[in-house]
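Visitor: Sharing upload-v3.txt, compact mmCIF, C-alpha atoms:
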# COMPACT_ATOMS: atom_id res chain seq x y z
CA MET A 2 -15.99 -12.94 1.09
CA THR A 3 -12.95 -14.96 2.13
CA VAL A 4 -9.34 -14.16 1.33
CA THR A 5 -9.16 -17.08 -1.12
CA ASN A 6 -11.91 -15.75 -3.38
CA ASP A 7 -11.28 -12.02 -2.97
CA PRO A 8 -10.04 -10.64 -6.32
CA LEU A 9 -8.37 -7.79 -4.42
CA HIS A 10 -6.18 -10.19 -2.46
CA ARG A 11 -4.02 -11.32 -5.37
CA ALA A 12 -0.46 -10.10 -5.69
CA ARG A 13 0.87 -8.85 -9.00
CA LYS A 14 3.12 -11.28 -10.81
CA LEU A 15 6.81 -10.46 -10.50
CA SER A 16 9.27 -10.81 -13.34
CA ASP A 17 12.06 -13.35 -12.82
CA ILE A 18 14.57 -10.59 -12.01
CA ASN A 19 12.23 -8.92 -9.52
CA LEU A 20 11.58 -12.27 -7.87
CA LYS A 21 15.36 -12.61 -7.40
CA ARG A 22 15.47 -9.07 -6.05
CA ILE A 23 12.77 -9.58 -3.44
CA ARG A 24 14.32 -12.88 -2.39
CA ASN A 25 17.50 -10.92 -1.67
CA THR A 26 15.67 -8.31 0.41
CA LYS A 27 15.20 -8.94 4.10
CA GLU A 28 12.31 -7.53 6.14
CA GLY A 29 12.67 -3.76 6.28
CA GLY A 30 15.47 -3.88 3.73
CA GLY A 31 15.80 -2.59 0.21
CA TRP A 32 17.92 -2.66 -2.90
CA LYS A 33 21.11 -1.53 -1.13
CA SER A 34 21.60 -5.07 0.23
CA TRP A 35 21.37 -6.77 -3.17
CA PRO A 36 24.25 -8.40 -5.03
CA GLN A 37 25.58 -5.99 -7.70
CA GLU A 38 24.11 -8.01 -10.59
CA LEU A 39 20.58 -7.30 -9.28
CA VAL A 40 21.04 -3.55 -8.76
CA LEU A 41 19.47 -1.39 -11.45
CA ASP A 42 21.85 0.93 -13.33
CA CYS A 43 19.97 4.00 -12.12
CA PHE A 44 20.82 3.12 -8.49
CA LYS A 45 24.51 2.85 -9.32
CA LYS A 46 24.59 6.58 -10.14
CA LYS A 47 25.02 9.17 -7.40
CA SER A 48 21.54 10.57 -8.12
CA GLY A 49 19.99 7.12 -7.68
CA GLN A 50 21.40 6.65 -4.19
CA THR A 51 18.60 8.73 -2.67
CA TYR A 52 15.85 6.30 -3.71
CA SER A 53 16.29 4.02 -0.71
CA SER A 54 12.63 2.99 -0.32
CA VAL A 55 11.94 1.58 -3.78
CA TYR A 56 12.03 -2.20 -3.99
CA GLY A 57 11.82 -2.28 -0.20
CA ARG A 58 10.05 -4.65 2.14
CA MET A 59 7.81 -3.48 4.95
CA ARG A 60 8.47 -4.40 8.58
CA TRP A 61 5.89 -6.22 10.68
CA ASN A 62 6.29 -4.00 13.73
CA GLU A 63 6.48 -0.61 12.08
CA PRO A 64 3.86 1.60 10.44
CA ALA A 65 3.17 0.90 6.79
CA PRO A 66 4.43 3.41 4.25
CA THR A 67 2.07 5.93 2.75
CA MET A 68 -0.20 4.19 0.25
CA THR A 69 0.21 5.77 -3.18
CA THR A 70 -1.57 5.27 -6.48
CA HIS A 71 1.03 2.61 -7.35
CA CYS A 72 1.16 0.89 -3.96
CA THR A 73 0.95 -2.66 -5.29
CA GLY A 74 4.11 -2.38 -7.39
CA LEU A 75 7.35 -3.62 -5.88
CA GLY A 76 9.45 -0.97 -7.63
CA ASN A 77 7.26 1.93 -6.56
CA GLY A 78 8.18 2.19 -2.90
CA ARG A 79 8.48 0.08 0.20
CA PHE A 80 5.57 -2.12 -0.86
CA GLY A 81 7.20 -5.55 -0.54
CA HIS A 82 5.44 -7.94 1.83
CA PRO A 83 7.50 -8.34 5.03
CA GLU A 84 8.10 -12.07 4.53
CA GLN A 85 6.35 -13.38 1.42
CA ASP A 86 8.17 -12.90 -1.88
CA ARG A 87 5.66 -10.47 -3.39
CA ALA A 88 4.35 -6.93 -3.25
CA ILE A 89 1.27 -6.18 -1.19
CA THR A 90 -2.18 -6.79 -2.64
CA LEU A 91 -4.94 -4.28 -3.29
CA ARG A 92 -6.82 -5.66 -0.27
CA GLU A 93 -3.81 -5.22 2.00
CA ALA A 94 -3.33 -1.66 0.74
CA ALA A 95 -7.02 -0.93 1.34
CA ILE A 96 -6.80 -2.27 4.89
CA PHE A 97 -3.75 -0.08 5.54
CA GLN A 98 -5.92 2.86 4.44
CA THR A 99 -8.57 1.68 6.97
CA PHE A 100 -11.17 0.58 4.41
CA PRO A 101 -13.31 -2.21 5.90
CA ALA A 102 -11.99 -5.67 4.95
CA GLU A 103 -15.11 -6.40 2.90
CA TYR A 104 -15.27 -3.04 1.10
CA LYS A 105 -16.04 -3.40 -2.62
CA PHE A 106 -14.37 -1.03 -5.05
CA TYR A 107 -16.31 -2.29 -8.08
CA GLU A 108 -19.92 -3.19 -8.88
CA SER A 109 -19.24 -6.55 -10.54
CA LEU A 110 -16.24 -8.57 -11.71
CA ASP A 111 -16.66 -7.30 -15.27
CA LYS A 112 -15.99 -3.79 -13.87
CA TYR A 113 -12.93 -4.93 -11.87
CA ASN A 114 -9.93 -2.79 -12.85
CA PRO A 115 -6.85 -3.11 -10.60
CA SER A 116 -5.28 0.14 -11.85
CA VAL A 117 -8.40 2.15 -11.05
CA ILE A 118 -8.76 0.51 -7.64
CA CYS A 119 -5.10 1.17 -6.82
CA ARG A 120 -5.60 4.82 -7.70
CA GLN A 121 -8.75 4.98 -5.52
CA ILE A 122 -6.86 3.50 -2.57
CA GLY A 123 -3.79 5.70 -3.03
CA ASN A 124 -5.81 8.89 -3.44
CA ALA A 125 -8.19 8.18 -0.57
CA LEU A 126 -8.32 9.98 2.70
CA PRO A 127 -8.34 7.02 5.10
CA PRO A 128 -11.99 6.43 6.07
CA LYS A 129 -11.07 6.13 9.76
CA LEU A 130 -9.37 9.54 9.62
CA GLY A 131 -12.48 11.04 8.00
CA GLN A 132 -14.62 9.54 10.78
CA ILE A 133 -12.36 10.95 13.51
CA ILE A 134 -12.36 14.41 11.91
CA ALA A 135 -16.17 14.35 11.60
CA ILE A 136 -16.56 13.39 15.28
CA SER A 137 -14.17 16.18 16.29
CA ILE A 138 -16.09 18.76 14.25
CA LYS A 139 -19.42 17.62 15.69
CA GLU A 140 -18.05 17.80 19.26
CA HIS A 141 -16.72 21.30 18.59
CA LEU A 142 -20.09 22.45 17.22
CA ILE A 143 -21.94 20.96 20.21
CA GLU A 144 -19.46 22.57 22.65
CA HIS A 145 -20.08 26.00 21.09
CA GLY A 146 -23.84 25.62 20.85
CA LEU A 147 -23.84 25.42 17.05
CA TRP A 148 -25.24 21.88 16.82
CA GLN A 149 -28.78 20.99 17.65
CA LYS A 150 -29.01 17.46 19.08
CA GLN A 151 -31.77 15.62 17.26
Let me see the structure of the file written as structure tokens.
Guide:
Amino acid sequence: MTVTNDPLHRARKLSDINLKRIRNTKEGGGWKSWPQELVLDCFKKKSGQTYSSVYGRMRWNEPAPTMTTHCTGLGNGRFGHPEQDRAITLREAAIFQTFPAEYKFYESLDKYNPSVICRQIGNALPPKLGQIIAISIKEHLIEHGLWQKQ
């Protein structure tokens, strides 16, 4: 499957106001650099000042943020693409979680549900982490004579 025909590699459509917002957000930046007319009312309150990651863009040379069940939404965290005016795609989120690039989250296109897939990605233990933990456990069992080599 190539990127061009991968249903998971399509960014969510942004509203006109959110398109203006992301265009006013530099790599690694967030809503605090926007002109006042783009800032949401909730961020103008003292309590809203603590939400510095929402509407943020990632940085190319830094680790990605934690993938959550809403990781493809611009307003849900630092999920803005570092340079393209969009949020990350399901495929990009899956790759951050270490799923193989060709991993299928659905049986057929008629069962394709972006919300369900986003939740699967956000709730997943990264497969690579699971593999590393399994190897560590196996090595520990072998070291202590509790694993029979087959």
Visitor: Around the point (14.2, 3.6, -4.5) (coordinates from the file), which residues reach within 8 Å if we count all atoms listed in the file? Answer as a PyMOL selection string.
Guide: chain A and resi 31-32+44+49-57+76-78
Visitor: So that I can check the surroundings of Thr99 of chain A, please list as a CSV table (one decimal) with C-alpha atoms, in the coordinates of the input every protein, DNA and RNA residue that reaches within 9 Å of it, counting all atoms listed in the file and ignoring chain neighbours fewer than 4 positions away.
Guide:
chain,number,residue,atom,x,y,z
A,94,ALA,CA,-3.3,-1.7,0.7
A,95,ALA,CA,-7.0,-0.9,1.3
A,127,PRO,CA,-8.3,7.0,5.1
A,128,PRO,CA,-12.0,6.4,6.1
A,129,LYS,CA,-11.1,6.1,9.8
A,130,LEU,CA,-9.4,9.5,9.6
Visitor: For segment 12-80 of chain A against segment 121-125 of chain A, with a cut-off of 7 Å and counting all atoms listed in the file, what is the closest atom pair and its distance in Å to one decimal for every residue that makes the cut, ordered by chain and number, as JSON lines?
Guide:
{"residue": "A:Met68", "atom": "CA", "partner": "A:Gly123", "partner_atom": "CA", "distance": 5.1}
{"residue": "A:Thr69", "atom": "CA", "partner": "A:Gly123", "partner_atom": "CA", "distance": 4.0}
{"residue": "A:Thr70", "atom": "CA", "partner": "A:Gly123", "partner_atom": "CA", "distance": 4.1}
{"residue": "A:Cys72", "atom": "CA", "partner": "A:Gly123", "partner_atom": "CA", "distance": 7.0}
Visitor: Just give me the gap between atom CA of Leu15 of chain A and atom CA of Phe106 of chain A in Å, one decimal is fine.
Guide: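 One can read the atom CA of Leu15 of chain A to atom CA of Phe106 of chain A distance as 23.8 Å.
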Visitor: Kindly give the distance, in Å, that separates atom CA of Trp35 of chain A and atom CA of Arg11 of chain A, rounded to a single decimal.
Guide: 25.9 Å
Visitor: For atom CA of Trp61 of chain A and atom CA of Arg92 of chain A, determine how far apart the two atoms are, in Å to one decimal place.
Guide: 16.8 Å
Visitor: Point out the residue among A:Ser109, A:Asn19, A:Lys46, A:Phe100 with the least atom-to-atom distance to Gln132 of chain A, counting all atoms listed in the file.
Guide: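 That would be A:Phe100, the residue with the smallest distance to Gln132 of chain A.
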Visitor: Which residue is closest to Arg79 of chain A? Choose from A:Lys45, A:His10, A:His145, A:Arg58 and count all atoms listed in the file.
Guide: A:Arg58
Visitor: Choose the residue, out of A:Ile118, A:Pro66, A:Lys112, A:Gly131, that has the smallest atom-to-atom separation from Leu91 of chain A; count only C-alpha atoms.
Guide: A:Ile118
Visitor: Complete segment 86-116 of chain A with N, CA and C atoms (output as a PDB file, in the frame of the given file).
Guide:
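Okay, rebuild28.pdb is ready:
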ATOM      1  N   ASP A  86       7.443 -13.451  -0.734  1.00  0.00           N
ATOM      2  CA  ASP A  86       8.170 -12.900  -1.880  1.00  0.00           C
ATOM      3  C   ASP A  86       7.207 -12.304  -2.911  1.00  0.00           C
ATOM      4  N   ARG A  87       6.647 -11.152  -2.545  1.00  0.00           N
ATOM      5  CA  ARG A  87       5.660 -10.470  -3.390  1.00  0.00           C
ATOM      6  C   ARG A  87       5.448  -9.058  -2.874  1.00  0.00           C
ATOM      7  N   ALA A  88       4.800  -8.256  -3.700  1.00  0.00           N
ATOM      8  CA  ALA A  88       4.350  -6.930  -3.250  1.00  0.00           C
ATOM      9  C   ALA A  88       3.005  -7.115  -2.551  1.00  0.00           C
ATOM     10  N   ILE A  89       2.566  -6.082  -1.862  1.00  0.00           N
ATOM     11  CA  ILE A  89       1.270  -6.180  -1.190  1.00  0.00           C
ATOM     12  C   ILE A  89       0.143  -6.223  -2.217  1.00  0.00           C
ATOM     13  N   THR A  90      -1.004  -6.691  -1.778  1.00  0.00           N
ATOM     14  CA  THR A  90      -2.180  -6.790  -2.640  1.00  0.00           C
ATOM     15  C   THR A  90      -3.041  -5.527  -2.502  1.00  0.00           C
ATOM     16  N   LEU A  91      -3.990  -5.386  -3.395  1.00  0.00           N
ATOM     17  CA  LEU A  91      -4.940  -4.280  -3.290  1.00  0.00           C
ATOM     18  C   LEU A  91      -5.689  -4.338  -1.961  1.00  0.00           C
ATOM     19  N   ARG A  92      -6.078  -5.529  -1.528  1.00  0.00           N
ATOM     20  CA  ARG A  92      -6.820  -5.660  -0.270  1.00  0.00           C
ATOM     21  C   ARG A  92      -5.957  -5.222   0.904  1.00  0.00           C
ATOM     22  N   GLU A  93      -4.702  -5.632   0.912  1.00  0.00           N
ATOM     23  CA  GLU A  93      -3.810  -5.220   2.000  1.00  0.00           C
ATOM     24  C   GLU A  93      -3.631  -3.709   2.006  1.00  0.00           C
ATOM     25  N   ALA A  94      -3.467  -3.118   0.837  1.00  0.00           N
ATOM     26  CA  ALA A  94      -3.330  -1.660   0.740  1.00  0.00           C
ATOM     27  C   ALA A  94      -4.597  -0.973   1.247  1.00  0.00           C
ATOM     28  N   ALA A  95      -5.748  -1.511   0.892  1.00  0.00           N
ATOM     29  CA  ALA A  95      -7.020  -0.930   1.340  1.00  0.00           C
ATOM     30  C   ALA A  95      -7.153  -1.019   2.857  1.00  0.00           C
ATOM     31  N   ILE A  96      -6.732  -2.120   3.432  1.00  0.00           N
ATOM     32  CA  ILE A  96      -6.800  -2.270   4.890  1.00  0.00           C
ATOM     33  C   ILE A  96      -5.845  -1.293   5.567  1.00  0.00           C
ATOM     34  N   PHE A  97      -4.653  -1.094   4.987  1.00  0.00           N
ATOM     35  CA  PHE A  97      -3.750  -0.080   5.540  1.00  0.00           C
ATOM     36  C   PHE A  97      -4.408   1.295   5.541  1.00  0.00           C
ATOM     37  N   GLN A  98      -5.222   1.575   4.535  1.00  0.00           N
ATOM     38  CA  GLN A  98      -5.920   2.860   4.440  1.00  0.00           C
ATOM     39  C   GLN A  98      -7.172   2.904   5.311  1.00  0.00           C
ATOM     40  N   THR A  99      -7.444   1.851   6.035  1.00  0.00           N
ATOM     41  CA  THR A  99      -8.570   1.680   6.970  1.00  0.00           C
ATOM     42  C   THR A  99      -9.921   1.448   6.279  1.00  0.00           C
ATOM     43  N   PHE A 100      -9.917   1.026   5.018  1.00  0.00           N
ATOM     44  CA  PHE A 100     -11.170   0.580   4.410  1.00  0.00           C
ATOM     45  C   PHE A 100     -11.585  -0.709   5.115  1.00  0.00           C
ATOM     46  N   PRO A 101     -12.878  -0.935   5.313  1.00  0.00           N
ATOM     47  CA  PRO A 101     -13.310  -2.210   5.900  1.00  0.00           C
ATOM     48  C   PRO A 101     -12.837  -3.376   5.028  1.00  0.00           C
ATOM     49  N   ALA A 102     -12.531  -4.501   5.656  1.00  0.00           N
ATOM     50  CA  ALA A 102     -11.990  -5.670   4.950  1.00  0.00           C
ATOM     51  C   ALA A 102     -12.895  -6.153   3.823  1.00  0.00           C
ATOM     52  N   GLU A 103     -14.181  -5.919   3.928  1.00  0.00           N
ATOM     53  CA  GLU A 103     -15.110  -6.400   2.900  1.00  0.00           C
ATOM     54  C   GLU A 103     -15.527  -5.313   1.903  1.00  0.00           C
ATOM     55  N   TYR A 104     -14.899  -4.147   1.975  1.00  0.00           N
ATOM     56  CA  TYR A 104     -15.270  -3.040   1.100  1.00  0.00           C
ATOM     57  C   TYR A 104     -15.084  -3.419  -0.367  1.00  0.00           C
ATOM     58  N   LYS A 105     -16.108  -3.108  -1.184  1.00  0.00           N
ATOM     59  CA  LYS A 105     -16.040  -3.400  -2.620  1.00  0.00           C
ATOM     60  C   LYS A 105     -15.742  -2.110  -3.385  1.00  0.00           C
ATOM     61  N   PHE A 106     -14.775  -2.180  -4.249  1.00  0.00           N
ATOM     62  CA  PHE A 106     -14.370  -1.030  -5.050  1.00  0.00           C
ATOM     63  C   PHE A 106     -14.949  -1.098  -6.465  1.00  0.00           C
ATOM     64  N   TYR A 107     -15.751  -2.099  -6.746  1.00  0.00           N
ATOM     65  CA  TYR A 107     -16.310  -2.290  -8.080  1.00  0.00           C
ATOM     66  C   TYR A 107     -17.693  -2.914  -7.932  1.00  0.00           C
ATOM     67  N   GLU A 108     -18.553  -2.679  -8.928  1.00  0.00           N
ATOM     68  CA  GLU A 108     -19.920  -3.190  -8.880  1.00  0.00           C
ATOM     69  C   GLU A 108     -19.989  -4.692  -9.157  1.00  0.00           C
ATOM     70  N   SER A 109     -19.245  -5.138 -10.162  1.00  0.00           N
ATOM     71  CA  SER A 109     -19.240  -6.550 -10.540  1.00  0.00           C
ATOM     72  C   SER A 109     -17.865  -6.874 -11.127  1.00  0.00           C
ATOM     73  N   LEU A 110     -17.565  -8.165 -11.229  1.00  0.00           N
ATOM     74  CA  LEU A 110     -16.240  -8.570 -11.710  1.00  0.00           C
ATOM     75  C   LEU A 110     -15.915  -8.033 -13.098  1.00  0.00           C
ATOM     76  N   ASP A 111     -16.933  -7.836 -13.939  1.00  0.00           N
ATOM     77  CA  ASP A 111     -16.660  -7.300 -15.270  1.00  0.00           C
ATOM     78  C   ASP A 111     -16.231  -5.826 -15.202  1.00  0.00           C
ATOM     79  N   LYS A 112     -16.432  -5.176 -14.048  1.00  0.00           N
ATOM     80  CA  LYS A 112     -15.990  -3.790 -13.870  1.00  0.00           C
ATOM     81  C   LYS A 112     -14.734  -3.709 -13.002  1.00  0.00           C
ATOM     82  N   TYR A 113     -14.139  -4.857 -12.701  1.00  0.00           N
ATOM     83  CA  TYR A 113     -12.930  -4.930 -11.870  1.00  0.00           C
ATOM     84  C   TYR A 113     -11.735  -4.417 -12.675  1.00  0.00           C
ATOM     85  N   ASN A 114     -11.093  -3.365 -12.182  1.00  0.00           N
ATOM     86  CA  ASN A 114      -9.930  -2.790 -12.850  1.00  0.00           C
ATOM     87  C   ASN A 114      -8.875  -2.469 -11.785  1.00  0.00           C
ATOM     88  N   PRO A 115      -7.851  -3.311 -11.649  1.00  0.00           N
ATOM     89  CA  PRO A 115      -6.850  -3.110 -10.600  1.00  0.00           C
ATOM     90  C   PRO A 115      -6.194  -1.731 -10.607  1.00  0.00           C
ATOM     91  N   SER A 116      -5.923  -1.180 -11.785  1.00  0.00           N
ATOM     92  CA  SER A 116      -5.280   0.140 -11.850  1.00  0.00           C
ATOM     93  C   SER A 116      -6.172   1.231 -11.269  1.00  0.00           C
TER      94      SER A 116
END
